[in-house]
Structure formats: C-alpha cells, structure tokens
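What follows is coords-v4.txt (compact mmCIF, C-alpha atoms).
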# COMPACT_ATOMS: atom_id res chain seq x y z
CA MET B 1 -2.57 11.54 -20.21
CA GLU B 2 -0.51 9.90 -22.95
CA ARG B 3 2.53 10.11 -20.70
CA LEU B 4 0.59 8.25 -18.06
CA LYS B 5 -0.67 5.60 -20.51
CA ASP B 6 2.92 4.96 -21.55
CA LYS B 7 3.59 3.72 -18.02
CA ILE B 8 0.70 1.23 -17.94
CA ARG B 9 1.78 -2.13 -19.30
CA ASP B 10 -0.67 -4.51 -20.98
CA ILE B 11 -0.24 -8.12 -19.87
CA PRO B 12 -2.32 -10.50 -22.00
CA ASP B 13 -4.04 -13.52 -20.43
CA PHE B 14 -3.58 -12.50 -16.80
CA PRO B 15 -5.05 -13.56 -14.42
CA LYS B 16 -6.82 -15.82 -16.95
CA PRO B 17 -6.98 -16.36 -20.74
CA GLY B 18 -8.64 -13.54 -22.66
CA VAL B 19 -8.10 -10.87 -20.00
CA ILE B 20 -5.64 -8.03 -20.63
CA PHE B 21 -4.28 -6.96 -17.27
CA LYS B 22 -3.26 -3.34 -16.76
CA ASP B 23 0.08 -3.45 -14.93
CA ILE B 24 0.76 -0.31 -12.89
CA THR B 25 4.24 -1.28 -11.67
CA PRO B 26 6.01 0.75 -14.40
CA LEU B 27 3.99 3.75 -13.21
CA VAL B 28 4.93 3.50 -9.52
CA LYS B 29 8.52 2.94 -10.62
CA ASP B 30 8.60 6.33 -12.37
CA PRO B 31 8.57 9.15 -9.76
CA ALA B 32 7.66 11.95 -12.18
CA THR B 33 4.73 10.07 -13.72
CA LEU B 34 3.56 8.90 -10.29
CA ARG B 35 3.57 12.53 -9.15
CA LEU B 36 1.53 13.52 -12.20
CA THR B 37 -0.91 10.69 -11.47
CA VAL B 38 -1.47 11.64 -7.84
CA ASN B 39 -1.83 15.32 -8.75
CA GLN B 40 -4.40 14.44 -11.41
CA LEU B 41 -6.31 12.19 -9.00
CA ILE B 42 -6.59 15.07 -6.56
CA HIS B 43 -7.11 17.87 -9.05
CA PRO B 44 -10.91 17.93 -9.47
CA PHE B 45 -11.40 18.05 -5.72
CA LEU B 46 -8.92 20.78 -4.82
CA GLY B 47 -11.38 23.64 -5.12
CA LYS B 48 -14.09 22.03 -3.05
CA ARG B 49 -12.18 19.85 -0.58
CA THR B 50 -15.37 18.75 1.12
CA PHE B 51 -13.93 15.45 2.28
CA ASN B 52 -11.79 14.87 5.34
CA ALA B 53 -10.54 11.28 4.97
CA VAL B 54 -9.11 9.09 2.22
CA ALA B 55 -9.74 5.34 2.03
CA GLY B 56 -7.80 2.89 -0.15
CA MET B 57 -8.50 -0.72 -1.05
CA GLU B 58 -5.93 -3.46 -0.44
CA ALA B 59 -3.38 -3.76 -1.94
CA ARG B 60 -2.63 -1.45 -4.89
CA GLY B 61 -5.09 1.09 -3.51
CA PHE B 62 -2.76 1.41 -0.50
CA ILE B 63 -0.10 2.93 -2.77
CA PHE B 64 -2.27 5.51 -4.50
CA GLY B 65 -4.56 6.07 -1.50
CA SER B 66 -1.80 6.78 0.97
CA LEU B 67 -0.10 9.19 -1.47
CA VAL B 68 -3.36 11.06 -2.08
CA ALA B 69 -4.00 11.27 1.67
CA TRP B 70 -0.42 12.45 2.24
CA GLU B 71 -0.69 15.18 -0.37
CA LEU B 72 -3.99 16.40 1.05
CA GLY B 73 -2.85 16.10 4.66
CA LEU B 74 -5.79 13.81 5.47
CA PRO B 75 -6.17 10.54 7.41
CA PHE B 76 -5.61 7.36 5.41
CA ILE B 77 -7.98 4.48 6.10
CA PRO B 78 -7.05 1.02 4.76
CA LEU B 79 -9.94 -1.18 3.55
CA ARG B 80 -8.61 -4.70 3.87
CA LYS B 81 -9.17 -8.29 2.87
CA PRO B 82 -10.77 -10.47 5.59
CA GLY B 83 -8.75 -11.44 8.64
CA LYS B 84 -6.01 -8.84 8.22
CA LEU B 85 -7.19 -6.12 10.59
CA PRO B 86 -6.54 -6.87 14.25
CA TYR B 87 -9.20 -4.75 15.98
CA ASP B 88 -13.02 -5.05 15.77
CA VAL B 89 -14.15 -4.76 12.16
CA GLN B 90 -17.14 -4.01 10.04
CA SER B 91 -17.38 -6.20 6.94
CA VAL B 92 -19.08 -6.15 3.53
CA SER B 93 -19.28 -9.21 1.28
CA TYR B 94 -19.70 -9.03 -2.48
CA ASP B 95 -20.03 -11.44 -5.38
CA LEU B 96 -17.24 -12.24 -7.78
CA GLU B 97 -17.61 -14.02 -11.11
CA TYR B 98 -16.89 -17.24 -9.23
CA GLY B 99 -17.47 -17.18 -5.48
CA SER B 100 -17.38 -14.14 -3.25
CA ALA B 101 -15.03 -11.76 -1.50
CA ALA B 102 -15.22 -9.33 1.41
CA LEU B 103 -13.67 -6.09 2.59
CA GLU B 104 -13.16 -5.05 6.19
CA ALA B 105 -12.40 -1.85 8.07
CA HIS B 106 -11.93 -1.14 11.76
CA ILE B 107 -15.12 0.00 13.48
CA ASP B 108 -13.40 3.22 14.55
CA SER B 109 -12.10 4.05 11.06
CA PHE B 110 -14.32 7.09 10.65
CA ASN B 111 -16.17 9.73 12.61
CA THR B 112 -19.88 9.94 11.84
CA ARG B 113 -19.53 13.19 9.95
CA ASP B 114 -16.54 12.11 7.88
CA LYS B 115 -16.76 12.63 4.13
CA VAL B 116 -14.55 10.14 2.38
CA LEU B 117 -12.61 10.06 -0.88
CA LEU B 118 -12.22 6.46 -2.06
CA ILE B 119 -9.08 5.63 -4.05
CA ASP B 120 -8.15 2.57 -6.06
CA ASP B 121 -5.98 1.94 -9.08
CA LEU B 122 -8.69 0.26 -11.15
CA LEU B 123 -12.44 0.43 -11.72
CA ALA B 124 -13.33 -2.85 -13.44
CA THR B 125 -16.70 -4.53 -12.72
CA GLY B 126 -17.24 -2.18 -9.79
CA GLY B 127 -17.75 -4.97 -7.26
CA THR B 128 -14.90 -3.92 -4.98
CA ALA B 129 -15.72 -0.23 -5.33
CA LYS B 130 -19.39 -0.73 -4.53
CA ALA B 131 -18.51 -2.86 -1.48
CA SER B 132 -16.09 -0.15 -0.36
CA CYS B 133 -18.83 2.49 -0.55
CA GLU B 134 -21.16 0.28 1.47
CA LEU B 135 -18.45 -0.35 4.04
CA VAL B 136 -17.78 3.36 4.52
CA GLU B 137 -21.50 4.00 4.91
CA LYS B 138 -22.02 1.08 7.31
CA LEU B 139 -19.39 2.77 9.45
CA GLY B 140 -21.44 5.95 9.58
CA ALA B 141 -19.44 8.09 7.13
CA THR B 142 -20.33 9.42 3.67
CA VAL B 143 -18.63 8.68 0.35
CA GLU B 144 -17.97 12.05 -1.21
CA ALA B 145 -16.28 10.75 -4.38
CA CYS B 146 -14.36 7.80 -5.85
CA ALA B 147 -11.20 8.28 -7.90
CA PHE B 148 -9.42 5.67 -10.00
CA VAL B 149 -6.30 5.70 -12.12
CA ILE B 150 -7.83 3.35 -14.72
CA GLU B 151 -11.39 2.55 -15.76
CA LEU B 152 -12.28 -0.42 -17.98
CA ASP B 153 -15.30 1.15 -19.65
CA PHE B 154 -16.53 -2.06 -21.28
CA LEU B 155 -17.10 -3.67 -17.87
CA LYS B 156 -19.56 -0.91 -16.93
CA GLY B 157 -18.42 -0.71 -13.31
CA ARG B 158 -19.63 2.87 -13.27
CA ASP B 159 -23.23 1.66 -13.50
CA LYS B 160 -22.83 -0.13 -10.16
CA LEU B 161 -21.75 3.16 -8.58
CA GLU B 162 -24.76 5.22 -9.62
CA GLY B 163 -25.26 8.19 -7.32
CA TYR B 164 -21.55 8.51 -6.52
CA GLU B 165 -19.20 11.02 -8.08
CA ILE B 166 -16.60 9.10 -10.11
CA HIS B 167 -13.30 10.48 -11.36
CA THR B 168 -11.01 8.43 -13.61
CA LEU B 169 -7.74 9.34 -15.29
CA LEU B 170 -7.48 6.69 -18.02
CA HIS B 171 -10.24 4.95 -19.94
CA TYR B 172 -9.87 1.70 -21.84
CA MET N 1 9.13 8.81 19.67
CA GLU N 2 6.53 8.81 22.47
CA ARG N 3 4.16 10.63 20.15
CA LEU N 4 4.61 7.86 17.63
CA LYS N 5 4.12 5.12 20.23
CA ASP N 6 0.84 6.75 21.25
CA LYS N 7 -0.47 5.95 17.77
CA ILE N 8 0.42 2.25 17.84
CA ARG N 9 -2.40 0.22 19.34
CA ASP N 10 -1.77 -3.05 21.17
CA ILE N 11 -4.24 -5.79 20.22
CA PRO N 12 -3.91 -8.82 22.51
CA ASP N 13 -4.30 -12.34 21.11
CA PHE N 14 -4.13 -11.43 17.41
CA PRO N 15 -3.60 -13.25 15.13
CA LYS N 16 -3.46 -15.99 17.79
CA PRO N 17 -3.58 -16.35 21.60
CA GLY N 18 -0.54 -14.95 23.40
CA VAL N 19 0.53 -12.59 20.62
CA ILE N 20 0.20 -8.83 21.09
CA PHE N 21 -0.33 -7.32 17.64
CA LYS N 22 0.96 -3.81 16.94
CA ASP N 23 -1.84 -2.04 15.07
CA ILE N 24 -0.60 0.80 12.88
CA THR N 25 -4.02 1.98 11.64
CA PRO N 26 -4.21 4.80 14.27
CA LEU N 27 -0.85 6.00 12.95
CA VAL N 28 -1.81 6.16 9.28
CA LYS N 29 -5.04 7.85 10.34
CA ASP N 30 -3.10 10.72 11.91
CA PRO N 31 -1.47 12.86 9.19
CA ALA N 32 0.94 14.73 11.49
CA THR N 33 2.25 11.56 13.15
CA LEU N 34 2.47 9.77 9.80
CA ARG N 35 4.54 12.67 8.49
CA LEU N 36 6.83 12.43 11.52
CA THR N 37 7.15 8.67 10.97
CA VAL N 38 8.11 8.95 7.31
CA ASN N 39 10.55 11.76 8.05
CA GLN N 40 12.17 9.66 10.78
CA LEU N 41 12.37 6.62 8.49
CA ILE N 42 14.25 8.69 5.93
CA HIS N 43 16.32 10.77 8.31
CA PRO N 44 19.46 8.61 8.79
CA PHE N 45 19.87 8.26 5.03
CA LEU N 46 19.43 11.87 3.98
CA GLY N 47 23.10 12.75 4.19
CA LYS N 48 24.34 9.78 2.23
CA ARG N 49 21.47 9.01 -0.15
CA THR N 50 23.39 6.19 -1.75
CA PHE N 51 20.28 4.28 -2.80
CA ASN N 52 18.17 4.93 -5.86
CA ALA N 53 15.08 2.75 -5.34
CA VAL N 54 12.67 1.94 -2.50
CA ALA N 55 10.99 -1.46 -2.14
CA GLY N 56 8.02 -2.20 0.13
CA MET N 57 6.50 -5.48 1.22
CA GLU N 58 2.81 -6.23 0.68
CA ALA N 59 0.60 -4.93 2.14
CA ARG N 60 1.37 -2.48 4.97
CA GLY N 61 4.82 -1.93 3.52
CA PHE N 62 3.07 -0.45 0.48
CA ILE N 63 1.83 2.44 2.63
CA PHE N 64 5.14 3.35 4.26
CA GLY N 65 7.26 2.33 1.28
CA SER N 66 5.40 4.41 -1.27
CA LEU N 67 5.46 7.44 1.03
CA VAL N 68 9.21 7.11 1.60
CA ALA N 69 9.80 6.73 -2.16
CA TRP N 70 7.57 9.75 -2.81
CA GLU N 71 9.42 11.92 -0.32
CA LEU N 72 12.79 10.91 -1.75
CA GLY N 73 11.64 11.16 -5.38
CA LEU N 74 12.68 7.56 -6.03
CA PRO N 75 11.05 4.59 -7.81
CA PHE N 76 8.77 2.44 -5.66
CA ILE N 77 9.01 -1.33 -6.19
CA PRO N 78 6.26 -3.51 -4.69
CA LEU N 79 7.32 -6.92 -3.33
CA ARG N 80 4.19 -9.01 -3.52
CA LYS N 81 2.56 -12.22 -2.35
CA PRO N 82 2.56 -15.04 -4.93
CA GLY N 83 0.30 -14.78 -7.96
CA LYS N 84 -0.40 -11.06 -7.71
CA LEU N 85 2.11 -9.65 -10.18
CA PRO N 86 1.10 -10.06 -13.82
CA TYR N 87 4.47 -9.98 -15.61
CA ASP N 88 7.39 -12.44 -15.32
CA VAL N 89 8.53 -12.70 -11.71
CA GLN N 90 11.43 -13.72 -9.57
CA SER N 91 10.40 -15.48 -6.36
CA VAL N 92 11.85 -16.28 -2.94
CA SER N 93 10.26 -18.76 -0.54
CA TYR N 94 10.76 -18.69 3.20
CA ASP N 95 9.68 -20.70 6.21
CA LEU N 96 7.00 -19.59 8.62
CA GLU N 97 6.30 -21.09 12.03
CA TYR N 98 3.82 -23.39 10.31
CA GLY N 99 4.24 -23.86 6.57
CA SER N 100 5.92 -21.44 4.19
CA ALA N 101 5.38 -18.21 2.29
CA ALA N 102 6.89 -16.50 -0.72
CA LEU N 103 7.52 -13.03 -2.09
CA GLU N 104 7.64 -12.05 -5.74
CA ALA N 105 8.86 -9.11 -7.79
CA HIS N 106 8.86 -8.43 -11.51
CA ILE N 107 12.08 -9.46 -13.24
CA ASP N 108 12.53 -5.88 -14.48
CA SER N 109 12.03 -4.29 -11.06
CA PHE N 110 15.60 -3.11 -10.75
CA ASN N 111 18.62 -2.16 -12.79
CA THR N 112 21.77 -4.11 -11.99
CA ARG N 113 23.40 -1.19 -10.26
CA ASP N 114 20.38 -0.22 -8.18
CA LYS N 115 20.91 0.25 -4.47
CA VAL N 116 17.70 -0.40 -2.63
CA LEU N 117 16.13 0.83 0.59
CA LEU N 118 13.72 -1.81 1.94
CA ILE N 119 10.73 -0.53 3.91
CA ASP N 120 8.21 -2.39 6.06
CA ASP N 121 6.12 -1.49 9.08
CA LEU N 122 7.38 -4.34 11.25
CA LEU N 123 10.51 -6.35 11.87
CA ALA N 124 9.36 -9.46 13.75
CA THR N 125 11.11 -12.82 13.18
CA GLY N 126 12.87 -11.36 10.15
CA GLY N 127 11.63 -14.04 7.75
CA THR N 128 9.89 -11.63 5.38
CA ALA N 129 12.70 -9.09 5.57
CA LYS N 130 15.38 -11.70 4.84
CA ALA N 131 13.39 -13.04 1.90
CA SER N 132 12.98 -9.48 0.61
CA CYS N 133 16.74 -8.92 0.73
CA GLU N 134 17.32 -12.18 -1.15
CA LEU N 135 14.71 -11.24 -3.73
CA VAL N 136 16.34 -7.86 -4.40
CA GLU N 137 19.71 -9.54 -4.76
CA LYS N 138 18.39 -12.31 -7.00
CA LEU N 139 17.22 -9.51 -9.27
CA GLY N 140 20.74 -8.15 -9.50
CA ALA N 141 20.40 -5.13 -7.21
CA THR N 142 21.94 -4.41 -3.80
CA VAL N 143 20.19 -3.87 -0.47
CA GLU N 144 21.62 -0.66 0.91
CA ALA N 145 19.55 -0.58 4.11
CA CYS N 146 16.30 -1.78 5.68
CA ALA N 147 14.03 0.54 7.67
CA PHE N 148 11.11 -0.45 9.86
CA VAL N 149 8.63 1.51 11.93
CA ILE N 150 8.53 -1.16 14.64
CA GLU N 151 10.96 -3.85 15.80
CA LEU N 152 9.99 -6.65 18.16
CA ASP N 153 13.39 -7.07 19.80
CA PHE N 154 12.53 -10.31 21.61
CA LEU N 155 12.01 -12.10 18.27
CA LYS N 156 15.61 -11.35 17.25
CA GLY N 157 14.73 -10.70 13.60
CA ARG N 158 17.81 -8.49 13.41
CA ASP N 159 20.02 -11.57 13.76
CA LYS N 160 18.60 -12.94 10.50
CA LEU N 161 19.63 -9.71 8.76
CA GLU N 162 23.29 -9.76 9.75
CA GLY N 163 25.39 -7.76 7.33
CA TYR N 164 22.56 -5.38 6.43
CA GLU N 165 22.14 -1.88 7.84
CA ILE N 166 18.94 -1.84 9.91
CA HIS N 167 17.08 1.26 11.06
CA THR N 168 14.06 1.04 13.37
CA LEU N 169 11.97 3.77 14.95
CA LEU N 170 10.23 1.90 17.79
CA HIS N 171 11.49 -1.03 19.83
CA TYR N 172 9.33 -3.36 21.88

Do you think you could lay out the structure here as structure tokens?
Amino acid sequence: MERLKDKIRDIPDFPKPGVIFKDITPLVKDPATLRLTVNQLIHPFLGKRTFNAVAGMEARGFIFGSLVAWELGLPFIPLRKPGKLPYDVQSVSYDLEYGSAALEAHIDSFNTRDKVLLIDDLLATGGTAKASCELVEKLGATVEACAFVIELDFLKGRDKLEGYEIHTLLHY
Amino acid sequence: MERLKDKIRDIPDFPKPGVIFKDITPLVKDPATLRLTVNQLIHPFLGKRTFNAVAGMEARGFIFGSLVAWELGLPFIPLRKPGKLPYDVQSVSYDLEYGSAALEAHIDSFNTRDKVLLIDDLLATGGTAKASCELVEKLGATVEACAFVIELDFLKGRDKLEGYEIHTLLHY
C-alpha cells in the first residue's frame, strides 16, 4: 500500500484552514497504481461476489465506482447531487457541519433483490456514505458492502456505518 | 448503434420546458452496452494512438473518461467545476445561455508534450467542450481529439470546435 500512498497528495488548509485534503488526482493519473487500487478495492469480494450492482457517489466516486463496476461486469449506478438526474428520483438528505446536503438516485436504479457494493474515494465523517446506504435501501435494494480508497480514522465515519461491511485501502 | 440508442432515455422538459434530455443512466447500468460504447469511443484512435492522456469533464465525463483511460492504459485527468480541486489550478470561463461557468484543472495535470483525448458524454452547444480544449492548451498540452457518446446536431456544437478532430457515436 506504500506505492498507493505515494500517489495521494496532502494539500494543507483545503477546503478550509486546518484540514489536510487527500488529493487523489496523482493516483488517477498513474495507470499502474490506479489498476492496483481498483484490484485492491475488489479483492476481498472476489470469492463471494454476492452483489450484483455497484453504486458510486458524485463526483470522485464516479471514477472509482465505474472502474470497479467495469472490472466486475456489473451495472454502475450514479448517486448524484440534487437536481442533476433527469428522471424521477428518490432522495436522502443529511447534515453537514454547516447546513445540509442531499443525494439522489433514479427510482428505477435497482431491482428489489439487488445487492449493492458502494464505492467512494474517501470515508471521512461518514455522512455521505450513510446517506448513500439509506438511499439504496429506500430504493428497495440491499447494501452488501462499502469500499473506500481512503479512510480518515480520526473522524470515526465507520461508527456511522455500523452494521455494514466496510473495506478501506488506506488509513490516516 | 441501435443497441446503444435503446439505452439512452429521452426525458422531456428537463432541465427546462422544451428541452429533451438524453439520460445515459440506462446505458451505464447495462455492462454489455457500456462495454460496446467504450470500445466504440476508442475504436477510431486504436490504429494511431498518438495521444498519451485522457481528460474527462465533471461529472458524467468522469464515468466515460476514466473507462476510456483504463482501457487504453493512459492517465486520466479530471476537468472539474470551480473550487473542487485542492491544488493550484488553471481555469477557463465560458458563457452559458444565462450567466457563465468555468472549468479547472491542476497546473501539473499534463506534461508539455502531452497529446490529449477529451471525453464527455454529450456534445451540445459546445461551450464546455471548447473550454476544455482551451484549458488543456493553457496547461501546455495539445488536444489530439474529442470523443462524445452523443451529439445534438441541431445545436451545432461542432462549429465551436473547428480545427479539432471530433468523434461521436450517436447523432440526434
């Protein structure tokens, strides 16, 4: 995983003072490391492959999510910010430090028996991830596992996702 | 291409009355058709492979762009909406029907000799695509070609991209 960590760039004070942002653009710019990343994201699930759809959160989750879906030969379902999806949507709101946000998915995103693998680049406070799980479930499907490239352990996002299987490649 | 068209859903009056939105979510939900789409996006360039990086526009361009880069084994460079990228950025503004928008990329996105394939799902008025070309060039690289899943011919976006090689799978 050191090779992977080498491709994550620390940006101090972004998006606000005191925060160290984990920049994944060097990683997606390096085909060999990106391949390693996607393979590692998939790896723990290869034996059991109980899921049949992959969902990714806008926008960086679209990169990793669509690659994971592609490699597994599964449908990719985009979970989007409000107002972006053109068809009828289901929506889940969640609290941010200041204000609130929401995620949306088309009402026909899943079949009722779908078991879903959720993919995002980062597990931070867990707000977006938890909302994504709720959204998948509101749409009648089941969250089989969540996989992230990076987890910020000190933010304890994992606690918000109790009951879900979580897989993370890099811990900070 | 009929098989591909079957997976594009028309949504009338989105995002505003009179517009028919081309919804690509059924396409990314169908692994076989998505594979056909990505293969067709790449196809005209396979013989000449003169480019060495793939750029995709936020957010749907992240899906198709990262898959094209993956298949070609090339770096993927995200072109993002303002304020999203954490490192130093180059920016290009462009006019919309009402107001304006901008695209950003990290200043170290490309090497000076990079030849870039630009990928997005849709060529409409060409504003975003033109700005993307300018952004790549501002960063010292060259746009080798632009490829889109869908082109709305009646909006004449292609005229804005004169001098660039354009490849589109579906025309409406």

Select, as a compact mmCIF listing (two decimals) with C-alpha atoms, in the frame of the given file, those residues of chain B with any atom no more than 10 Å from chain N (distances computed using all atoms listed in the file).
# COMPACT_ATOMS: atom_id res chain seq x y z
CA ARG B 9 1.78 -2.13 -19.30
CA ASP B 10 -0.67 -4.51 -20.98
CA ILE B 11 -0.24 -8.12 -19.87
CA PRO B 12 -2.32 -10.50 -22.00
CA ASP B 13 -4.04 -13.52 -20.43
CA PHE B 14 -3.58 -12.50 -16.80
CA PRO B 15 -5.05 -13.56 -14.42
CA ILE B 20 -5.64 -8.03 -20.63
CA PHE B 21 -4.28 -6.96 -17.27
CA LYS B 22 -3.26 -3.34 -16.76
CA ASP B 23 0.08 -3.45 -14.93
CA ILE B 24 0.76 -0.31 -12.89
CA THR B 25 4.24 -1.28 -11.67
CA PRO B 26 6.01 0.75 -14.40
CA LEU B 27 3.99 3.75 -13.21
CA VAL B 28 4.93 3.50 -9.52
CA LYS B 29 8.52 2.94 -10.62
CA ASP B 30 8.60 6.33 -12.37
CA PRO B 31 8.57 9.15 -9.76
CA ALA B 32 7.66 11.95 -12.18
CA LEU B 34 3.56 8.90 -10.29
CA ARG B 35 3.57 12.53 -9.15
CA ALA B 53 -10.54 11.28 4.97
CA VAL B 54 -9.11 9.09 2.22
CA ALA B 55 -9.74 5.34 2.03
CA GLU B 58 -5.93 -3.46 -0.44
CA ALA B 59 -3.38 -3.76 -1.94
CA ARG B 60 -2.63 -1.45 -4.89
CA GLY B 61 -5.09 1.09 -3.51
CA PHE B 62 -2.76 1.41 -0.50
CA ILE B 63 -0.10 2.93 -2.77
CA PHE B 64 -2.27 5.51 -4.50
CA GLY B 65 -4.56 6.07 -1.50
CA SER B 66 -1.80 6.78 0.97
CA LEU B 67 -0.10 9.19 -1.47
CA ALA B 69 -4.00 11.27 1.67
CA TRP B 70 -0.42 12.45 2.24
CA GLU B 71 -0.69 15.18 -0.37
CA LEU B 72 -3.99 16.40 1.05
CA GLY B 73 -2.85 16.10 4.66
CA LEU B 74 -5.79 13.81 5.47
CA PRO B 75 -6.17 10.54 7.41
CA PHE B 76 -5.61 7.36 5.41
CA ILE B 77 -7.98 4.48 6.10
CA PRO B 78 -7.05 1.02 4.76
CA ARG B 80 -8.61 -4.70 3.87
CA GLY B 83 -8.75 -11.44 8.64
CA LYS B 84 -6.01 -8.84 8.22
CA LEU B 85 -7.19 -6.12 10.59
CA PRO B 86 -6.54 -6.87 14.25
CA TYR B 87 -9.20 -4.75 15.98
CA ASP B 88 -13.02 -5.05 15.77
CA ALA B 105 -12.40 -1.85 8.07
CA HIS B 106 -11.93 -1.14 11.76
CA ASP B 108 -13.40 3.22 14.55
CA SER B 109 -12.10 4.05 11.06
CA PHE B 110 -14.32 7.09 10.65

Completion exercise
Pairwise distance, atom CA of Leu152 of chain B with atom CA of Leu79 of chain N, equals 25.3 Å

Practice task
Show which residues sit within 8 Å of Leu117 of chain B, as a list in words. Count only C-alpha atoms, and ignore same-chain residues fewer than 5 positions away.
Solution key: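 The neighbour list is Phe51, Asn52, Ala53, Val54, Ala55, Val143, Glu144, Ala145, Cys146 and Ala147 of chain B.
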
Practice task
Could you check which of B:Glu97, B:Glu137, B:Asp120, B:Glu162 is closest to Ile150 of chain B, using only C-alpha atoms?
Solution key: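 Among B:Glu97, B:Glu137, B:Asp120, B:Glu162, it is B:Asp120 that comes nearest to Ile150 of chain B.
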
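Residues in contact with Ala101 of chain N at 10 Å, where all atoms listed in the file are counted and same-chain residues fewer than 4 positions away are skipped, are listed as N:Lys81, N:Pro82, N:Val92, N:Ser93, N:Tyr94, N:Asp95, N:Leu96, N:Gly127, N:Thr128, N:Ala131.
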
Please, could all heavy atoms be added to segment 113-121 of chain N and the result written as an mmCIF file, in the frame of the given file?
data_model
loop_
_atom_site.group_PDB
_atom_site.id
_atom_site.type_symbol
_atom_site.label_atom_id
_atom_site.label_comp_id
_atom_site.auth_asym_id
_atom_site.auth_seq_id
_atom_site.Cartn_x
_atom_site.Cartn_y
_atom_site.Cartn_z
ATOM 1 N N ARG N 113 22.626 -2.001 -11.209
ATOM 2 C CA ARG N 113 23.400 -1.190 -10.260
ATOM 3 C C ARG N 113 22.555 -0.531 -9.188
ATOM 4 O O ARG N 113 23.044 0.277 -8.401
ATOM 5 C CB ARG N 113 24.177 -0.119 -11.029
ATOM 6 C CG ARG N 113 25.305 -0.767 -11.810
ATOM 7 C CD ARG N 113 26.353 0.216 -12.240
ATOM 8 N NE ARG N 113 27.287 -0.440 -13.135
ATOM 9 C CZ ARG N 113 27.758 0.074 -14.243
ATOM 10 N NH1 ARG N 113 27.414 1.300 -14.606
ATOM 11 N NH2 ARG N 113 28.603 -0.584 -15.000
ATOM 12 N N ASP N 114 21.252 -0.858 -9.162
ATOM 13 C CA ASP N 114 20.380 -0.220 -8.180
ATOM 14 C C ASP N 114 20.776 -0.568 -6.753
ATOM 15 O O ASP N 114 21.120 -1.710 -6.439
ATOM 16 C CB ASP N 114 18.917 -0.648 -8.412
ATOM 17 C CG ASP N 114 18.239 0.178 -9.482
ATOM 18 O OD1 ASP N 114 18.840 1.169 -9.946
ATOM 19 O OD2 ASP N 114 17.104 -0.166 -9.850
ATOM 20 N N LYS N 115 20.710 0.456 -5.908
ATOM 21 C CA LYS N 115 20.910 0.250 -4.470
ATOM 22 C C LYS N 115 19.585 0.563 -3.806
ATOM 23 O O LYS N 115 19.029 1.645 -3.967
ATOM 24 C CB LYS N 115 22.021 1.155 -3.960
ATOM 25 C CG LYS N 115 23.329 0.813 -4.652
ATOM 26 C CD LYS N 115 24.498 1.564 -4.084
ATOM 27 C CE LYS N 115 25.786 0.976 -4.655
ATOM 28 N NZ LYS N 115 26.978 1.525 -3.990
ATOM 29 N N VAL N 116 19.104 -0.404 -3.044
ATOM 30 C CA VAL N 116 17.700 -0.400 -2.630
ATOM 31 C C VAL N 116 17.543 -0.152 -1.136
ATOM 32 O O VAL N 116 18.275 -0.722 -0.327
ATOM 33 C CB VAL N 116 17.053 -1.747 -3.020
ATOM 34 C CG1 VAL N 116 15.598 -1.793 -2.595
ATOM 35 C CG2 VAL N 116 17.198 -1.988 -4.521
ATOM 36 N N LEU N 117 16.563 0.675 -0.799
ATOM 37 C CA LEU N 117 16.130 0.830 0.590
ATOM 38 C C LEU N 117 14.846 0.019 0.762
ATOM 39 O O LEU N 117 13.856 0.260 0.077
ATOM 40 C CB LEU N 117 15.849 2.315 0.886
ATOM 41 C CG LEU N 117 15.237 2.638 2.253
ATOM 42 C CD1 LEU N 117 16.147 2.218 3.404
ATOM 43 C CD2 LEU N 117 14.897 4.124 2.352
ATOM 44 N N LEU N 118 14.885 -0.967 1.664
ATOM 45 C CA LEU N 118 13.720 -1.810 1.940
ATOM 46 C C LEU N 118 12.910 -1.211 3.075
ATOM 47 O O LEU N 118 13.470 -0.880 4.122
ATOM 48 C CB LEU N 118 14.167 -3.205 2.363
ATOM 49 C CG LEU N 118 14.359 -4.249 1.282
ATOM 50 C CD1 LEU N 118 14.885 -5.533 1.915
ATOM 51 C CD2 LEU N 118 13.044 -4.522 0.582
ATOM 52 N N ILE N 119 11.589 -1.136 2.883
ATOM 53 C CA ILE N 119 10.730 -0.530 3.910
ATOM 54 C C ILE N 119 9.604 -1.489 4.291
ATOM 55 O O ILE N 119 8.921 -2.038 3.425
ATOM 56 C CB ILE N 119 10.076 0.771 3.393
ATOM 57 C CG1 ILE N 119 11.130 1.810 3.019
ATOM 58 C CG2 ILE N 119 9.090 1.326 4.419
ATOM 59 C CD1 ILE N 119 11.754 2.525 4.183
ATOM 60 N N ASP N 120 9.404 -1.694 5.592
ATOM 61 C CA ASP N 120 8.210 -2.390 6.060
ATOM 62 C C ASP N 120 7.794 -1.770 7.393
ATOM 63 O O ASP N 120 8.570 -1.057 8.021
ATOM 64 C CB ASP N 120 8.460 -3.888 6.199
ATOM 65 C CG ASP N 120 7.172 -4.698 6.031
ATOM 66 O OD1 ASP N 120 6.081 -4.099 5.907
ATOM 67 O OD2 ASP N 120 7.249 -5.940 6.020
ATOM 68 N N ASP N 121 6.563 -2.062 7.795
ATOM 69 C CA ASP N 121 6.120 -1.490 9.080
ATOM 70 C C ASP N 121 6.756 -2.201 10.251
ATOM 71 O O ASP N 121 7.024 -1.597 11.266
ATOM 72 C CB ASP N 121 4.585 -1.513 9.185
ATOM 73 C CG ASP N 121 4.009 -2.922 9.229
ATOM 74 O OD1 ASP N 121 4.581 -3.823 8.570
ATOM 75 O OD2 ASP N 121 3.009 -3.130 9.925
#
